[in-house]
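File shown here: final_24.cif, holding mmCIF, C-alpha atoms and all ligand atoms.
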```cif
data_input
#
loop_
_atom_site.group_PDB
_atom_site.id
_atom_site.type_symbol
_atom_site.label_atom_id
_atom_site.label_comp_id
_atom_site.auth_asym_id
_atom_site.auth_seq_id
_atom_site.Cartn_x
_atom_site.Cartn_y
_atom_site.Cartn_z
ATOM 1 C CA MET Z 1 69.168 87.942 183.924
ATOM 2 C CA LEU Z 2 69.348 90.555 186.643
ATOM 3 C CA VAL Z 3 71.076 88.285 189.147
ATOM 4 C CA LYS Z 4 73.139 85.232 188.332
ATOM 5 C CA VAL Z 5 74.778 83.202 191.062
ATOM 6 C CA ASN Z 6 76.859 80.219 190.132
ATOM 7 C CA ASN Z 7 78.404 77.761 192.598
ATOM 8 C CA LEU Z 8 78.681 80.365 195.308
ATOM 9 C CA SER Z 9 80.289 79.130 198.516
ATOM 10 C CA HIS Z 10 81.051 81.160 201.608
ATOM 11 C CA SER Z 11 82.737 80.207 204.852
ATOM 12 C CA PHE Z 12 83.632 81.782 208.145
ATOM 13 C CA GLY Z 13 86.855 80.028 209.117
ATOM 14 C CA ASN Z 14 86.163 76.376 208.395
ATOM 15 C CA HIS Z 15 82.388 76.729 208.834
ATOM 16 C CA TRP Z 16 80.824 76.621 205.363
ATOM 17 C CA VAL Z 17 77.634 78.626 205.452
ATOM 18 C CA LEU Z 18 76.793 78.621 201.744
ATOM 19 C CA LYS Z 19 77.847 75.669 199.642
ATOM 20 C CA ASN Z 20 77.712 75.615 195.825
ATOM 21 C CA LEU Z 21 74.634 77.795 195.644
ATOM 22 C CA SER Z 22 73.318 78.548 192.152
ATOM 23 C CA PHE Z 23 70.249 80.482 191.069
ATOM 24 C CA SER Z 24 69.244 83.269 188.738
ATOM 25 C CA VAL Z 25 66.702 86.010 188.994
ATOM 26 C CA ARG Z 26 64.964 87.620 186.044
ATOM 27 C CA GLU Z 27 63.848 91.208 185.986
ATOM 28 C CA ARG Z 28 60.662 91.868 188.020
ATOM 29 C CA GLU Z 29 60.811 88.624 189.982
ATOM 30 C CA PHE Z 30 59.814 88.481 193.640
ATOM 31 C CA VAL Z 31 62.231 86.072 195.290
ATOM 32 C CA ILE Z 32 62.066 84.847 198.866
ATOM 33 C CA VAL Z 33 65.159 83.403 200.537
ATOM 34 C CA THR Z 34 64.373 81.233 203.512
ATOM 35 C CA GLY Z 35 66.061 78.714 205.802
ATOM 36 C CA HIS Z 36 66.632 78.239 209.525
ATOM 37 C CA SER Z 37 68.416 80.822 211.671
ATOM 38 C CA GLY Z 38 72.071 80.533 210.698
ATOM 39 C CA ALA Z 39 71.325 79.086 207.247
ATOM 40 C CA GLY Z 40 73.153 81.971 205.568
ATOM 41 C CA LYS Z 41 70.357 84.303 204.409
ATOM 42 C CA THR Z 42 72.083 87.438 205.660
ATOM 43 C CA THR Z 43 75.443 86.236 204.363
ATOM 44 C CA LEU Z 44 73.978 85.734 200.891
ATOM 45 C CA LEU Z 45 72.387 89.191 200.790
ATOM 46 C CA GLN Z 46 75.613 90.752 202.077
ATOM 47 C CA VAL Z 47 77.624 89.106 199.312
ATOM 48 C CA LEU Z 48 75.121 90.351 196.704
ATOM 49 C CA HIS Z 49 75.380 93.848 198.164
ATOM 50 C CA GLY Z 50 79.166 93.741 197.992
ATOM 51 C CA ALA Z 51 79.427 93.993 201.773
ATOM 52 C CA ARG Z 52 81.221 90.626 201.969
ATOM 53 C CA PRO Z 53 83.849 89.490 199.521
ATOM 54 C CA LEU Z 54 82.995 86.844 196.973
ATOM 55 C CA GLN Z 55 85.052 83.869 198.161
ATOM 56 C CA ARG Z 56 84.166 81.118 195.689
ATOM 57 C CA GLY Z 57 81.964 80.917 192.644
ATOM 58 C CA GLU Z 58 80.521 83.650 190.500
ATOM 59 C CA ALA Z 59 77.881 86.275 191.057
ATOM 60 C CA GLU Z 60 76.563 88.959 188.797
ATOM 61 C CA ILE Z 61 74.045 91.537 189.924
ATOM 62 C CA ALA Z 62 72.482 94.385 187.933
ATOM 63 C CA GLY Z 63 75.127 93.905 185.265
ATOM 64 C CA TYR Z 64 78.074 93.993 187.696
ATOM 65 C CA ARG Z 65 80.320 90.952 188.037
ATOM 66 C CA LEU Z 66 81.308 90.831 191.679
ATOM 67 C CA SER Z 67 84.578 89.002 190.984
ATOM 68 C CA SER Z 68 85.863 91.845 188.844
ATOM 69 C CA LEU Z 69 84.197 94.796 190.571
ATOM 70 C CA ARG Z 70 86.869 97.084 192.000
ATOM 71 C CA PRO Z 71 86.116 98.513 195.478
ATOM 72 C CA GLY Z 72 86.182 102.007 193.991
ATOM 73 C CA ARG Z 73 83.226 101.086 191.762
ATOM 74 C CA LEU Z 74 81.081 99.516 194.470
ATOM 75 C CA HIS Z 75 79.013 102.696 194.730
ATOM 76 C CA CYS Z 76 77.883 102.190 191.113
ATOM 77 C CA LEU Z 77 76.379 98.822 191.987
ATOM 78 C CA ARG Z 78 74.860 100.183 195.183
ATOM 79 C CA ARG Z 79 73.112 102.950 193.283
ATOM 80 C CA GLU Z 80 70.973 100.223 191.717
ATOM 81 C CA LEU Z 81 70.097 98.625 195.051
ATOM 82 C CA GLY Z 82 67.724 99.439 197.861
ATOM 83 C CA VAL Z 83 68.709 97.585 201.003
ATOM 84 C CA VAL Z 84 66.918 96.803 204.247
ATOM 85 C CA PHE Z 85 69.471 95.397 206.665
ATOM 86 C CA GLN Z 86 68.479 93.039 209.434
ATOM 87 C CA ASP Z 87 69.971 95.487 211.969
ATOM 88 C CA PHE Z 88 68.415 98.563 210.222
ATOM 89 C CA LYS Z 89 71.583 100.718 210.159
ATOM 90 C CA ILE Z 90 69.603 103.924 210.557
ATOM 91 C CA LEU Z 91 71.206 107.005 212.101
ATOM 92 C CA PRO Z 92 69.891 107.331 215.670
ATOM 93 C CA GLY Z 93 70.582 111.056 216.045
ATOM 94 C CA LYS Z 94 68.731 111.995 212.873
ATOM 95 C CA SER Z 95 64.977 112.243 212.513
ATOM 96 C CA VAL Z 96 62.799 109.788 210.629
ATOM 97 C CA GLY Z 97 62.466 112.213 207.705
ATOM 98 C CA GLU Z 98 66.196 112.986 207.618
ATOM 99 C CA ASN Z 99 67.101 109.284 207.538
ATOM 100 C CA VAL Z 100 64.802 108.660 204.600
ATOM 101 C CA ALA Z 101 65.864 111.844 202.755
ATOM 102 C CA LEU Z 102 69.570 111.047 202.973
ATOM 103 C CA ALA Z 103 69.625 108.542 200.127
ATOM 104 C CA LEU Z 104 67.941 111.091 197.831
ATOM 105 C CA GLU Z 105 70.254 113.923 198.903
ATOM 106 C CA VAL Z 106 73.374 111.967 197.933
ATOM 107 C CA ARG Z 107 71.760 111.455 194.534
ATOM 108 C CA GLY Z 108 71.426 115.207 194.174
ATOM 109 C CA MET Z 109 67.632 115.396 193.979
ATOM 110 C CA PRO Z 110 66.087 118.883 194.386
ATOM 111 C CA ARG Z 111 64.861 119.670 197.867
ATOM 112 C CA ALA Z 112 61.151 120.118 197.121
ATOM 113 C CA GLN Z 113 61.042 116.818 195.272
ATOM 114 C CA ILE Z 114 62.831 115.089 198.169
ATOM 115 C CA GLN Z 115 60.203 116.355 200.621
ATOM 116 C CA ARG Z 116 57.389 115.086 198.436
ATOM 117 C CA ARG Z 117 58.922 111.642 197.973
ATOM 118 C CA VAL Z 118 59.833 111.292 201.659
ATOM 119 C CA ASN Z 119 56.324 112.209 202.774
ATOM 120 C CA ALA Z 120 54.726 109.787 200.320
ATOM 121 C CA VAL Z 121 56.931 106.886 201.375
ATOM 122 C CA LEU Z 122 56.460 107.616 205.090
ATOM 123 C CA ARG Z 123 52.718 107.611 204.526
ATOM 124 C CA GLY Z 124 53.084 104.196 202.905
ATOM 125 C CA VAL Z 125 54.799 102.699 205.950
ATOM 126 C CA GLN Z 126 52.472 104.576 208.322
ATOM 127 C CA MET Z 127 55.224 106.700 209.839
ATOM 128 C CA GLU Z 128 54.154 110.085 208.498
ATOM 129 C CA SER Z 129 53.215 111.495 211.900
ATOM 130 C CA MET Z 130 56.696 110.653 213.254
ATOM 131 C CA ARG Z 131 58.649 112.400 210.523
ATOM 132 C CA ASP Z 132 60.435 114.823 212.876
ATOM 133 C CA VAL Z 133 61.098 112.378 215.728
ATOM 134 C CA PRO Z 134 64.753 111.375 216.285
ATOM 135 C CA CYS Z 135 65.160 107.702 215.398
ATOM 136 C CA LYS Z 136 66.740 106.878 218.746
ATOM 137 C CA HIS Z 137 63.311 107.353 220.346
ATOM 138 C CA LEU Z 138 61.583 104.822 218.088
ATOM 139 C CA SER Z 139 60.534 101.276 218.911
ATOM 140 C CA GLY Z 140 62.140 98.378 217.034
ATOM 141 C CA GLY Z 141 59.168 98.024 214.693
ATOM 142 C CA GLU Z 142 59.134 101.755 213.958
ATOM 143 C CA GLN Z 143 62.855 101.721 213.174
ATOM 144 C CA GLN Z 144 62.273 98.803 210.876
ATOM 145 C CA ARG Z 145 59.651 100.794 208.983
ATOM 146 C CA VAL Z 146 62.109 103.696 208.620
ATOM 147 C CA ALA Z 147 64.655 101.242 207.195
ATOM 148 C CA ILE Z 148 62.052 100.010 204.699
ATOM 149 C CA ALA Z 149 61.102 103.571 203.732
ATOM 150 C CA ARG Z 150 64.741 104.468 203.185
ATOM 151 C CA ALA Z 151 65.267 101.470 200.918
ATOM 152 C CA ILE Z 152 62.247 102.053 198.694
ATOM 153 C CA VAL Z 153 62.407 105.849 198.474
ATOM 154 C CA VAL Z 154 65.174 105.651 195.856
ATOM 155 C CA ASN Z 155 62.993 103.495 193.614
ATOM 156 C CA PRO Z 156 65.740 100.906 193.252
ATOM 157 C CA LYS Z 157 66.178 98.444 190.430
ATOM 158 C CA ILE Z 158 66.663 95.667 192.981
ATOM 159 C CA LEU Z 159 65.428 95.631 196.547
ATOM 160 C CA LEU Z 160 67.438 93.442 198.935
ATOM 161 C CA ALA Z 161 65.475 93.046 202.141
ATOM 162 C CA ASP Z 162 66.826 91.041 205.045
ATOM 163 C CA GLU Z 163 64.047 89.887 207.384
ATOM 164 C CA PRO Z 164 62.355 93.270 206.879
ATOM 165 C CA THR Z 165 59.407 92.414 209.080
ATOM 166 C CA GLY Z 166 61.230 90.630 211.901
ATOM 167 C CA ASN Z 167 60.046 93.122 214.534
ATOM 168 C CA LEU Z 168 56.507 93.618 213.309
ATOM 169 C CA ASP Z 169 53.287 91.840 214.108
ATOM 170 C CA ASN Z 170 51.683 89.743 211.392
ATOM 171 C CA ASP Z 171 49.137 92.341 210.244
ATOM 172 C CA LEU Z 172 51.687 95.084 209.775
ATOM 173 C CA SER Z 173 54.163 92.634 208.227
ATOM 174 C CA LEU Z 174 51.697 91.669 205.544
ATOM 175 C CA ARG Z 175 50.778 95.287 204.895
ATOM 176 C CA LEU Z 176 54.436 96.237 204.433
ATOM 177 C CA VAL Z 177 55.145 93.285 202.228
ATOM 178 C CA GLN Z 178 52.216 94.486 200.103
ATOM 179 C CA ILE Z 179 54.190 97.716 199.632
ATOM 180 C CA PHE Z 180 57.090 95.645 198.318
ATOM 181 C CA ARG Z 181 54.617 93.914 196.047
ATOM 182 C CA LYS Z 182 53.442 97.259 194.683
ATOM 183 C CA PHE Z 183 57.018 98.313 193.937
ATOM 184 C CA ASN Z 184 57.553 94.918 192.386
ATOM 185 C CA GLU Z 185 54.572 95.469 190.093
ATOM 186 C CA HIS Z 186 56.091 98.783 189.059
ATOM 187 C CA GLY Z 187 59.330 97.108 188.031
ATOM 188 C CA THR Z 188 61.499 96.640 191.134
ATOM 189 C CA THR Z 189 62.959 93.165 191.481
ATOM 190 C CA VAL Z 190 62.684 92.010 195.096
ATOM 191 C CA ILE Z 191 64.938 89.556 196.908
ATOM 192 C CA MET Z 192 63.712 89.168 200.451
ATOM 193 C CA ALA Z 193 65.002 86.936 203.226
ATOM 194 C CA THR Z 194 62.429 85.769 205.717
ATOM 195 C CA HIS Z 195 61.429 82.791 207.777
ATOM 196 C CA ASN Z 196 57.950 84.150 208.395
ATOM 197 C CA GLN Z 197 55.746 81.289 207.200
ATOM 198 C CA THR Z 198 52.664 83.483 206.782
ATOM 199 C CA ILE Z 199 54.529 85.808 204.428
ATOM 200 C CA ILE Z 200 55.921 82.892 202.455
ATOM 201 C CA GLU Z 201 52.436 81.462 202.034
ATOM 202 C CA GLU Z 202 50.685 84.756 201.248
ATOM 203 C CA MET Z 203 53.221 86.301 198.916
ATOM 204 C CA ALA Z 204 53.008 84.074 195.843
ATOM 205 C CA CYS Z 205 56.670 84.706 195.106
ATOM 206 C CA THR Z 206 58.141 83.763 191.751
ATOM 207 C CA GLN Z 207 60.948 81.784 193.368
ATOM 208 C CA LEU Z 208 61.567 80.350 196.823
ATOM 209 C CA ILE Z 209 65.214 79.734 197.626
ATOM 210 C CA ASP Z 210 65.271 77.452 200.652
ATOM 211 C CA LEU Z 211 68.865 77.373 201.901
ATOM 212 C CA ASP Z 212 68.070 74.345 204.083
ATOM 213 C CA ARG Z 213 67.456 72.296 200.945
ATOM 214 C CA ARG Z 214 70.545 73.509 199.156
ATOM 215 C CA ARG Z 215 73.376 72.131 201.196
HETATM 216 N N1 LIG Z 301 81.282 87.573 210.854
HETATM 217 C C1 LIG Z 301 81.064 86.288 211.154
HETATM 218 N N2 LIG Z 301 82.017 85.514 211.713
HETATM 219 C C2 LIG Z 301 81.809 84.215 211.987
HETATM 220 N N3 LIG Z 301 80.667 83.573 211.745
HETATM 221 C C3 LIG Z 301 79.675 84.277 211.177
HETATM 222 C C4 LIG Z 301 79.818 85.661 210.857
HETATM 223 N N4 LIG Z 301 78.664 86.086 210.295
HETATM 224 C C5 LIG Z 301 77.841 85.024 210.283
HETATM 225 N N5 LIG Z 301 78.443 83.936 210.816
HETATM 226 C C6 LIG Z 301 77.833 82.604 210.934
HETATM 227 O O1 LIG Z 301 77.375 82.205 209.663
HETATM 228 C C7 LIG Z 301 76.134 81.531 209.784
HETATM 229 C C8 LIG Z 301 75.114 82.181 208.900
HETATM 230 O O2 LIG Z 301 74.807 83.446 209.406
HETATM 231 P P1 LIG Z 301 73.692 84.370 208.744
HETATM 232 O O3 LIG Z 301 73.637 85.611 209.554
HETATM 233 O O4 LIG Z 301 73.964 84.491 207.299
HETATM 234 O O5 LIG Z 301 72.386 83.480 208.959
HETATM 235 P P2 LIG Z 301 70.853 83.837 208.741
HETATM 236 O O6 LIG Z 301 70.269 82.771 207.886
HETATM 237 O O7 LIG Z 301 70.741 85.229 208.263
HETATM 238 O O8 LIG Z 301 70.235 83.707 210.212
HETATM 239 P P3 LIG Z 301 69.058 84.531 210.928
HETATM 240 O O9 LIG Z 301 67.771 83.927 210.444
HETATM 241 O O10 LIG Z 301 69.267 84.279 212.382
HETATM 242 O O11 LIG Z 301 69.199 85.973 210.567
HETATM 243 C C9 LIG Z 301 75.788 81.524 211.254
HETATM 244 O O12 LIG Z 301 76.138 80.262 211.789
HETATM 245 C C10 LIG Z 301 76.634 82.621 211.829
HETATM 246 O O13 LIG Z 301 76.969 82.349 213.153
HETATM 247 MG MG MG Z 302 69.946 86.915 209.036
#
```

Spell out the structure here as C-alpha cells.
Amino acid sequence: MLVKVNNLSHSFGNHWVLKNLSFSVREREFVIVTGHSGAGKTTLLQVLHGARPLQRGEAEIAGYRLSSLRPGRLHCLRRELGVVFQDFKILPGKSVGENVALALEVRGMPRAQIQRRVNAVLRGVQMESMRDVPCKHLSGGEQQRVAIARAIVVNPKILLADEPTGNLDNDLSLRLVQIFRKFNEHGTTVIMATHNQTIIEEMACTQLIDLDRRR
C-alpha cells in the first residue's frame, strides 16, 4: 500500500471536519476525493502532505508513518510528493520557467537537463510561450497551470492535487487532467480533490472518496 489511512479524524476547535476516515491507495491508483465545499478535501490533502498535524488516527504515505515522522524528516516525505495547492503557492516575482525549475534545482539536477524538463512540461500545460513572464502578471488559470507544471516536473511518486482545475474552463480542465492520467500511466499515483462533476465522470478513477458519504 502506498497510502494507508486508518480512523483519521481532524477538527478545528470543536468543529470535526474529518471523522474516522479510512481508506488505502495502492501504487498507480488514480483516486478522486470529492465532497461539498467545506467537506475537508483540502484538510485531508494537507494532513497527507504533513502540512497539518495528524490529530487522531493513523496515516502512512510513501512508507512514512505520519505519527512518528519527526519534523526534521518531513523533507524526505515531501521529496516523494508533487503537490498542487488550491491557492497555487507560486512565487509572484519569479518567472514561469523559474517557478517550475525551482523544484529541480533543489534536487541538484544539472542545468541543461532542468531546461529540457521545464520546457517539456510547460509545453504540456500550454504555457511554453510564457516561460519568461513574471508570475504576478498571469491570470488565475495560467497560475494554476504553472502550479501543475511545478508539481509534475519532479516526476513524483505521488501527486497530491487540490482542485487543480478550479480556475480553468471545462475543455482545458479535461486536457490537464489527461496529463495527470499520462503520468499516472507512467507510474505516478494520483490523489486529486475536485468537485468538478465532468472530471469525475470522465476520469474513470480507481477510487472515489466522497467525504459527504463518510461522516
Ligand atoms: N485553519 C482553519 N481554522 C478553522 N477552520 C478551518 C481551517 N481550515 C479549514 N477550516 C474549516 O474546515 C472545513 C473544511 O475545510 P477544507 O478547506 O478542508 O474544505 P474543502 O472540502 O477543501 O472545501 P473547498 O471545496 O471549498 O475547497 C471548513 O468548514 C473550513 O471552514
Ligand atoms: Mg479545498

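What the PyMOL selection byres (((chain Z and resi 146-160) around 7) and not hetatm) grabs from this file is Leu45, Glu80, Leu81, Gly82, Val83, Val84, Phe88, Ile90, Val96, Asn99, Val100, Ala103, Leu104, Arg117, Val118, Val121, Leu122, Val125, Glu142, Gln143, Gln144, Arg145, Ala161, Asp162, Thr188, Thr189, Val190, Ile191 and Met192 of chain Z.
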
Exercise. Take atom CA of Gln86 of chain Z and atom CA of Met203 of chain Z and report the distance between them in Å, one decimal.
Key: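 Straight-line distance from atom CA of Gln86 of chain Z to atom CA of Met203 of chain Z works out to 19.7 Å.
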
Which residues would end up in the selection if the PyMOL selection byres (((chain Z and resi 64) around 10) and not hetatm) were applied here, given that I need the answer as a PDB file with C-alpha atoms, keeping the file's coordinate frame?
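For reference, part.pdb as written:
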```pdb
ATOM      1  CA  LEU Z   2      69.348  90.555 186.643  1.00  0.00           C
ATOM      2  CA  VAL Z   3      71.076  88.285 189.147  1.00  0.00           C
ATOM      3  CA  ALA Z  59      77.881  86.275 191.057  1.00  0.00           C
ATOM      4  CA  GLU Z  60      76.563  88.959 188.797  1.00  0.00           C
ATOM      5  CA  ILE Z  61      74.045  91.537 189.924  1.00  0.00           C
ATOM      6  CA  ALA Z  62      72.482  94.385 187.933  1.00  0.00           C
ATOM      7  CA  GLY Z  63      75.127  93.905 185.265  1.00  0.00           C
ATOM      8  CA  ARG Z  65      80.320  90.952 188.037  1.00  0.00           C
ATOM      9  CA  LEU Z  66      81.308  90.831 191.679  1.00  0.00           C
ATOM     10  CA  SER Z  67      84.578  89.002 190.984  1.00  0.00           C
ATOM     11  CA  SER Z  68      85.863  91.845 188.844  1.00  0.00           C
ATOM     12  CA  LEU Z  69      84.197  94.796 190.571  1.00  0.00           C
ATOM     13  CA  ARG Z  73      83.226 101.086 191.762  1.00  0.00           C
ATOM     14  CA  LEU Z  74      81.081  99.516 194.470  1.00  0.00           C
ATOM     15  CA  CYS Z  76      77.883 102.190 191.113  1.00  0.00           C
ATOM     16  CA  LEU Z  77      76.379  98.822 191.987  1.00  0.00           C
TER      17      LEU Z  77
END
```

Quiz item: What is the distance, in Å and to one decimal place, between atom CA of Leu168 of chain Z and atom CA of Ser139 of chain Z?
Solution: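 Calculated distance between atom CA of Leu168 of chain Z and atom CA of Ser139 of chain Z is 10.3 Å.
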
Quiz item: Residues at most 6 Å from Thr194 of chain Z, counting only C-alpha atoms, excluding those fewer than 2 positions away in the same chain, as a ChimeraX atom specification?
Solution: /Z:34,163,196
